[in-house]
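Engineer: Just one file: target_31.tsv, with TSV, C-alpha atoms.
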```
chain	number	residue	atom	x	y	z
A	1	MET	CA	12.74	16.22	20.31
A	2	SER	CA	14.66	18.81	18.36
A	3	GLN	CA	15.12	17.33	14.91
A	4	ILE	CA	13.34	15.11	12.41
A	5	GLU	CA	14.37	11.46	12.72
A	6	LEU	CA	13.67	8.62	10.29
A	7	THR	CA	13.89	4.98	11.33
A	8	LYS	CA	13.77	2.70	8.28
A	9	GLY	CA	12.18	-0.70	8.94
A	10	PHE	CA	11.04	0.23	12.44
A	11	CYS	CA	8.23	-2.34	12.59
A	12	PHE	CA	6.98	-5.07	10.32
A	13	GLU	CA	4.01	-6.26	12.38
A	14	ILE	CA	1.83	-4.07	10.21
A	15	PRO	CA	-1.97	-4.11	10.47
A	16	ASP	CA	-3.89	-5.37	7.46
A	17	LEU	CA	-5.18	-2.62	5.20
A	18	ALA	CA	-8.69	-4.02	5.65
A	19	ASP	CA	-8.36	-3.63	9.44
A	20	LEU	CA	-7.36	0.02	9.01
A	21	PHE	CA	-10.34	0.66	6.70
A	22	ASP	CA	-12.56	-1.07	9.29
A	23	ASN	CA	-11.09	1.19	11.97
A	24	ILE	CA	-12.11	4.29	9.98
A	25	LYS	CA	-15.56	2.80	9.32
A	26	TRP	CA	-16.01	1.99	13.02
A	27	SER	CA	-15.36	5.65	13.88
A	28	ALA	CA	-17.95	6.78	11.33
A	29	ASP	CA	-20.53	4.19	12.38
A	30	ASN	CA	-20.14	5.07	16.06
A	31	GLU	CA	-20.22	8.83	15.50
A	32	LYS	CA	-16.62	9.25	16.65
A	33	SER	CA	-14.37	11.97	15.32
A	34	PHE	CA	-13.31	11.30	11.75
A	35	LYS	CA	-12.87	13.26	8.55
A	36	THR	CA	-13.05	12.13	4.98
A	37	ILE	CA	-12.84	13.49	1.47
A	38	PRO	CA	-14.57	10.74	-0.56
A	39	ASN	CA	-12.27	8.72	-2.82
A	40	THR	CA	-9.28	10.77	-1.64
A	41	TRP	CA	-8.41	10.31	2.06
A	42	ALA	CA	-9.81	9.64	5.52
A	43	ARG	CA	-8.62	10.15	9.09
A	44	ASN	CA	-9.89	9.15	12.53
A	45	TYR	CA	-8.83	9.44	16.17
A	46	ASP	CA	-9.37	5.78	17.08
A	47	GLY	CA	-6.24	4.10	15.70
A	48	GLN	CA	-5.34	2.77	19.15
A	49	MET	CA	-8.15	0.20	18.77
A	50	VAL	CA	-6.11	-1.76	16.18
A	51	PRO	CA	-4.10	-4.49	18.03
A	52	GLU	CA	-0.83	-3.92	16.13
A	53	VAL	CA	-1.11	-0.19	16.83
A	54	GLN	CA	-1.61	-0.86	20.56
A	55	LYS	CA	1.71	-2.73	20.59
A	56	VAL	CA	3.56	0.14	18.92
A	57	LEU	CA	2.00	2.69	21.28
A	58	GLU	CA	3.23	0.63	24.25
A	59	ARG	CA	6.69	0.20	22.72
A	60	LEU	CA	7.07	3.98	22.20
A	61	ASP	CA	5.27	4.99	25.42
A	62	LEU	CA	2.65	6.96	23.46
A	63	LYS	CA	-1.09	7.33	24.07
A	64	ILE	CA	-2.86	8.77	20.99
A	65	ALA	CA	-3.17	7.18	17.53
A	66	HIS	CA	-4.87	8.46	14.38
A	67	THR	CA	-5.41	6.31	11.30
A	68	TYR	CA	-4.78	7.98	7.93
A	69	ILE	CA	-5.73	6.36	4.63
A	70	SER	CA	-5.36	7.83	1.17
A	71	GLU	CA	-6.97	6.27	-1.88
A	72	LYS	CA	-5.50	8.64	-4.45
A	73	VAL	CA	-1.93	9.06	-5.71
A	74	GLY	CA	-0.88	12.67	-5.29
A	75	SER	CA	-3.24	13.33	-2.38
A	76	HIS	CA	-1.86	16.05	-0.09
A	77	GLY	CA	-4.14	15.30	2.89
A	78	TYR	CA	-4.14	18.39	5.12
A	79	GLY	CA	-1.67	20.25	2.92
A	80	ARG	CA	1.17	22.21	4.53
A	81	HIS	CA	0.68	22.37	8.31
A	82	CYS	CA	2.36	21.88	11.66
A	83	ASP	CA	1.31	20.10	14.84
A	84	ASP	CA	1.69	21.57	18.32
A	85	VAL	CA	3.03	18.29	19.72
A	86	ASP	CA	5.79	15.89	18.71
A	87	VAL	CA	4.37	13.33	16.27
A	88	TRP	CA	5.56	9.83	15.40
A	89	PHE	CA	4.25	8.67	12.00
A	90	TRP	CA	4.32	4.95	11.21
A	91	GLN	CA	3.93	4.13	7.51
A	92	CYS	CA	1.89	0.92	7.24
A	93	HIS	CA	0.98	0.55	3.54
A	94	GLY	CA	2.12	2.22	0.36
A	95	LYS	CA	4.58	5.10	0.11
A	96	THR	CA	4.47	8.76	1.06
A	97	LYS	CA	6.77	11.71	0.49
A	98	TRP	CA	7.20	14.08	3.43
A	99	LEU	CA	8.29	17.62	2.59
A	100	PHE	CA	9.62	19.97	5.29
A	101	ASP	CA	10.22	23.71	5.21
A	102	ASN	CA	13.96	23.24	5.53
A	103	ARG	CA	13.78	21.66	2.05
A	104	VAL	CA	14.47	18.21	3.41
A	105	SER	CA	12.23	15.41	2.19
A	106	TYR	CA	11.79	11.77	3.14
A	107	ILE	CA	10.20	8.83	1.34
A	108	LEU	CA	8.43	6.50	3.78
A	109	GLU	CA	7.78	2.85	2.97
A	110	PRO	CA	5.89	0.21	4.98
A	111	GLY	CA	7.44	-0.23	8.41
A	112	ASP	CA	9.20	3.15	8.50
A	113	LEU	CA	8.79	5.54	11.44
A	114	LEU	CA	9.24	9.31	11.20
A	115	LEU	CA	9.54	11.53	14.28
A	116	ILE	CA	8.37	15.08	13.60
A	117	PRO	CA	9.13	17.73	16.23
A	118	ALA	CA	6.30	20.03	17.35
A	119	ASN	CA	5.87	23.14	15.19
A	120	SER	CA	7.70	21.64	12.18
A	121	TYR	CA	5.85	22.62	9.03
A	122	HIS	CA	5.37	19.69	6.69
A	123	GLU	CA	3.28	18.33	3.86
A	124	VAL	CA	2.60	14.70	2.99
A	125	VAL	CA	2.04	13.45	-0.56
A	126	SER	CA	0.74	9.96	-1.35
A	127	LEU	CA	3.02	8.25	-3.84
A	128	THR	CA	0.93	5.08	-4.07
A	129	ALA	CA	-2.70	4.16	-3.55
A	130	PRO	CA	-3.95	3.03	-1.29
A	131	ARG	CA	-1.58	4.17	1.39
A	132	ALA	CA	-2.13	4.00	5.13
A	133	GLY	CA	-0.31	5.10	8.25
A	134	ILE	CA	-0.67	5.84	11.91
A	135	SER	CA	0.07	9.22	13.47
A	136	MET	CA	0.91	8.92	17.19
A	137	SER	CA	1.64	11.27	20.07
A	138	LYS	CA	1.89	11.44	23.86
A	139	THR	CA	-1.12	13.78	24.15
```
How does the structure come out when it is put into structure tokens?

Structural biologist:
Amino acid sequence: MSQIELTKGFCFEIPDLADLFDNIKWSADNEKSFKTIPNTWARNYDGQMVPEVQKVLERLDLKIAHTYISEKVGSHGYGRHCDDVDVWFWQCHGKTKWLFDNRVSYILEPGDLLLIPANSYHEVVSLTAPRAGISMSKT
């Protein structure tokens, strides 16, 4: 992939917010990899366990899914960063603003899918709370 691509309304079989919170809790309870900043945001590496996420992974021929949840408007999650693989981000609940170094920005709403090429610096800001999404990749 060479450029950022936004697909509005990609998928409307969105997992319940409670199921995504349960997915994060399952990771914590089972000593799986997860990270949290209390009352701000949480992330795990077990998003593929959510049935709706499994369907999207199959549809896109992807293997890895991370659940991200933010409970605070204005949360910047990881801050400015880049990933070393192509990433597909599926916005499930709430809204986020994605800022890229080329000064392009996107507002994602539930059902939207954003493809981010490897090594593209970006920052994500929660515009609503709670907000939840799934980050997916091939590896």

Engineer: For stretch 66-129 of chain A against stretch 17-32 of chain A, with a cut-off of 12 Å and counting only C-alpha atoms, what is the closest atom pair and its distance in Å to one decimal for every residue that makes the cut, ordered by chain and number, as CSV?

Structural biologist:
```
residue,atom,partner,partner_atom,distance
A:His66,CA,A:Ile24,CA,9.4
A:Thr67,CA,A:Leu20,CA,7.0
A:Tyr68,CA,A:Leu20,CA,8.4
A:Ile69,CA,A:Phe21,CA,7.6
A:Ser70,CA,A:Phe21,CA,10.3
A:Glu71,CA,A:Phe21,CA,10.8
A:Gln91,CA,A:Leu17,CA,11.6
A:Cys92,CA,A:Leu17,CA,8.2
A:His93,CA,A:Leu17,CA,7.1
A:Gly94,CA,A:Leu17,CA,10.0
A:Pro110,CA,A:Leu17,CA,11.4
A:Ala129,CA,A:Leu17,CA,11.3
```

Engineer: Taking only C-alpha atoms into account, name the residue in A:Asn39, A:Thr139, A:Ser105, A:Gln3 that is nearest to A:Ala65.

Structural biologist: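 Counting only C-alpha atoms, the residue closest to A:Ala65 is A:Thr139.
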
Engineer: Just to confirm, what's the straight-line distance from atom CA of A:Ser137 to atom CA of A:Gly111 in Å (one decimal)?

Structural biologist: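 Those two atoms sit 17.4 Å apart.
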
Engineer: Excluding A:Ile64 and any residue of its chain fewer than 6 positions from it, enumerate the residues within 8 Å of it, using only C-alpha atoms, and give them as a VMD selection string.

Structural biologist: chain A and resid 45 47 to 48 57 136 to 139

Engineer: Go ahead and write the selection's residues with C-alpha atoms as a short mmCIF file (atom, residue, chain, number, x, y, z; two decimals), keeping the file's coordinate frame.

Structural biologist:
```cif
data_model
loop_
_atom_site.label_atom_id
_atom_site.label_comp_id
_atom_site.auth_asym_id
_atom_site.auth_seq_id
_atom_site.Cartn_x
_atom_site.Cartn_y
_atom_site.Cartn_z
CA TYR A 45 -8.83 9.44 16.17
CA GLY A 47 -6.24 4.10 15.70
CA GLN A 48 -5.34 2.77 19.15
CA LEU A 57 2.00 2.69 21.28
CA MET A 136 0.91 8.92 17.19
CA SER A 137 1.64 11.27 20.07
CA LYS A 138 1.89 11.44 23.86
CA THR A 139 -1.12 13.78 24.15
#
```

Engineer: From the set A:Leu114, A:Ile14, A:Ile107, A:Leu127, which residue has the shortest atom-to-atom contact distance to A:Asp86, counting all atoms listed in the file?

Structural biologist: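 Using all atoms listed in the file, the shortest distance to A:Asp86 belongs to A:Leu114.
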
Engineer: Out of A:Cys11, A:Ala42, A:Leu6, A:Trp88, which residue has the shortest atom-to-atom distance to A:Leu62 when counting only C-alpha atoms?

Structural biologist: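 For A:Leu62, the nearest of the given residues is A:Trp88.
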
Engineer: What does the structure give for the distance between atom CA of A:Arg131 and atom CA of A:Lys95, in Å to one decimal?

Structural biologist: 6.4 Å

Engineer: As lines of an AutoDock Vina configuration file, what would the box around stretch 89-105 of chain A look like: edges along x, y and z, 6 Å added on every side, centre and edge lengths in Å to one decimal?

Structural biologist:
```
center_x = 7.7
center_y = 12.1
center_z = 6.1
size_x = 25.5
size_y = 35.2
size_z = 23.9
```

Engineer: Of the candidates A:Arg59, A:Arg80, A:Lys35, A:Arg43, which one gets nearest to A:Ile134 if we count all atoms listed in the file?

Structural biologist: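 Closest to A:Ile134 of all the choices is A:Arg43.
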
Engineer: Any idea what the distance is between atom CA of A:Ser126 and atom CA of A:Ser33?

Structural biologist: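 Pair atom CA of A:Ser126 / atom CA of A:Ser33 returns 22.6 Å.
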
Engineer: Which is closer to A:Lys72 than all the others in A:Asn102, A:Asp112, A:Leu60, A:Thr128, using all atoms listed in the file?

Structural biologist: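 Using all atoms listed in the file, A:Lys72 sits closest to A:Thr128.
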
Engineer: Just checking: using only C-alpha atoms, which residue out of A:His122, A:Lys8, A:Lys55, A:Lys63 ends up closest to A:Val104?

Structural biologist: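 So, comparing all the options, the nearest one is A:His122.
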
Engineer: Skipping near chain neighbours, those fewer than 2 positions away, what residues fall within 9 Å of A:Glu123 using all atoms listed in the file, listed as a PyMOL selection string?

Structural biologist: chain A and resi 76-82+97-101+121+125

Engineer: Please write the residues from the selection above to a file, keeping C-alpha atoms, as an mmCIF file, keeping the file's coordinate frame.

Structural biologist:
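Saved result, out-v9.cif, follows:
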```cif
data_model
loop_
_atom_site.group_PDB
_atom_site.id
_atom_site.type_symbol
_atom_site.label_atom_id
_atom_site.label_comp_id
_atom_site.auth_asym_id
_atom_site.auth_seq_id
_atom_site.Cartn_x
_atom_site.Cartn_y
_atom_site.Cartn_z
ATOM 1 C CA HIS A 76 -1.860 16.050 -0.090
ATOM 2 C CA GLY A 77 -4.140 15.300 2.890
ATOM 3 C CA TYR A 78 -4.140 18.390 5.120
ATOM 4 C CA GLY A 79 -1.670 20.250 2.920
ATOM 5 C CA ARG A 80 1.170 22.210 4.530
ATOM 6 C CA HIS A 81 0.680 22.370 8.310
ATOM 7 C CA CYS A 82 2.360 21.880 11.660
ATOM 8 C CA LYS A 97 6.770 11.710 0.490
ATOM 9 C CA TRP A 98 7.200 14.080 3.430
ATOM 10 C CA LEU A 99 8.290 17.620 2.590
ATOM 11 C CA PHE A 100 9.620 19.970 5.290
ATOM 12 C CA ASP A 101 10.220 23.710 5.210
ATOM 13 C CA TYR A 121 5.850 22.620 9.030
ATOM 14 C CA VAL A 125 2.040 13.450 -0.560
#
```
